[in-house]
Each structure stands twice: as C-alpha cells, then as structure tokens.
Amino acid sequence: MRIQLEVPGAMEGRLKQWMNEVGFKTYSDLFNNTMSLFTWVANEVKNGRIIVSLDPGGQGYERQLSMPFMDALSPAHNPAAAPKPDDRIAASAAAPQGA
C-alpha cells in the first residue's frame with residue numbers, strides 16, 4: 001500500500017528533526033514505529049487501562065494522555081468496547097510484570 005500525506009513546512013522540519021534524533025532513516029521507519037505505539041495505546045485503552053507519564057522517582061504521575069480516539073475505545077465511555085474475559089487474560093499474560 002502506498003500512503004501519501006501533505007505536511008505543512010514547519011511540521012516537516014520537526015519530523016525530520018525527530019527522525020534524525022532517534023535514528024530513523026526513512027518515513028517508513030517513522031510510520032512503523034508510530035503504528036506500533038498507536039496499537040499498544042489502543043490495546044491498553046480497550047483493556048480499561050490509562051496511559052500516564054511517571055515522574056523519574058515513580059512517586060506519581062505527571063500527566064495522563066488523552067486523545068479523542070482513546071475515548072472511542074475506552075470501556076468506560078463505550079461499554080460495547082469492553083474486552084471479553086479471554087482478551088483480558090491474554091493481555092495480562094503477555095504483559096511484563098511491573099510494567
């Protein structure tokens with residue numbers, strides 16, 4: 001599949017800066033990593049979890065990530081999106097302890 005995007009000039013510069021900073025050589029690298037992160041977030045939200053940024057000491061969270069697509073997937077906002085019991089078991093078995 002081929003995907004083509006129109007990106008404003010200022011955003012293009014920032015994308016290239018981020019790509020250079022993390023070592024992505026191609027836009028495919030960027031897209032693949034972005035999709036991996038999106039998929040992880042979507043699955044976590046579907047399983048009733050929240051995504052937060054922890055402070056370095058682990059004493060509490062600094063911010064909670066909130067985006068419109070997350071509300072659409074959240075069991076709290078959409079009971080039809082609640083995971084089946086088997087989904088919760090599979091997800092918890094795959095998750096590393098202490099993560």
# chains A, B, ... in the order shown; residues from 1 in each chain; ligands from 1

call {"tool": "residues_around", "arguments": {"residues": "Pro68 of chain A", "least_positions_apart": "5", "cutoff": "12 Å", "atoms": "only C-alpha atoms", "output": "list in words"}}
result
Ala42, Val45, Leu73, Ser74 and His77 of chain A

call {"tool": "residues_around", "arguments": {"residues": "Leu54 of chain A", "least_positions_apart": "5", "cutoff": "10 Å", "atoms": "only C-alpha atoms", "output": "list of chain:residue names"}}
result
A:Gln59, A:Gly60, A:Tyr61, A:Glu62, A:Arg63, A:Gln64
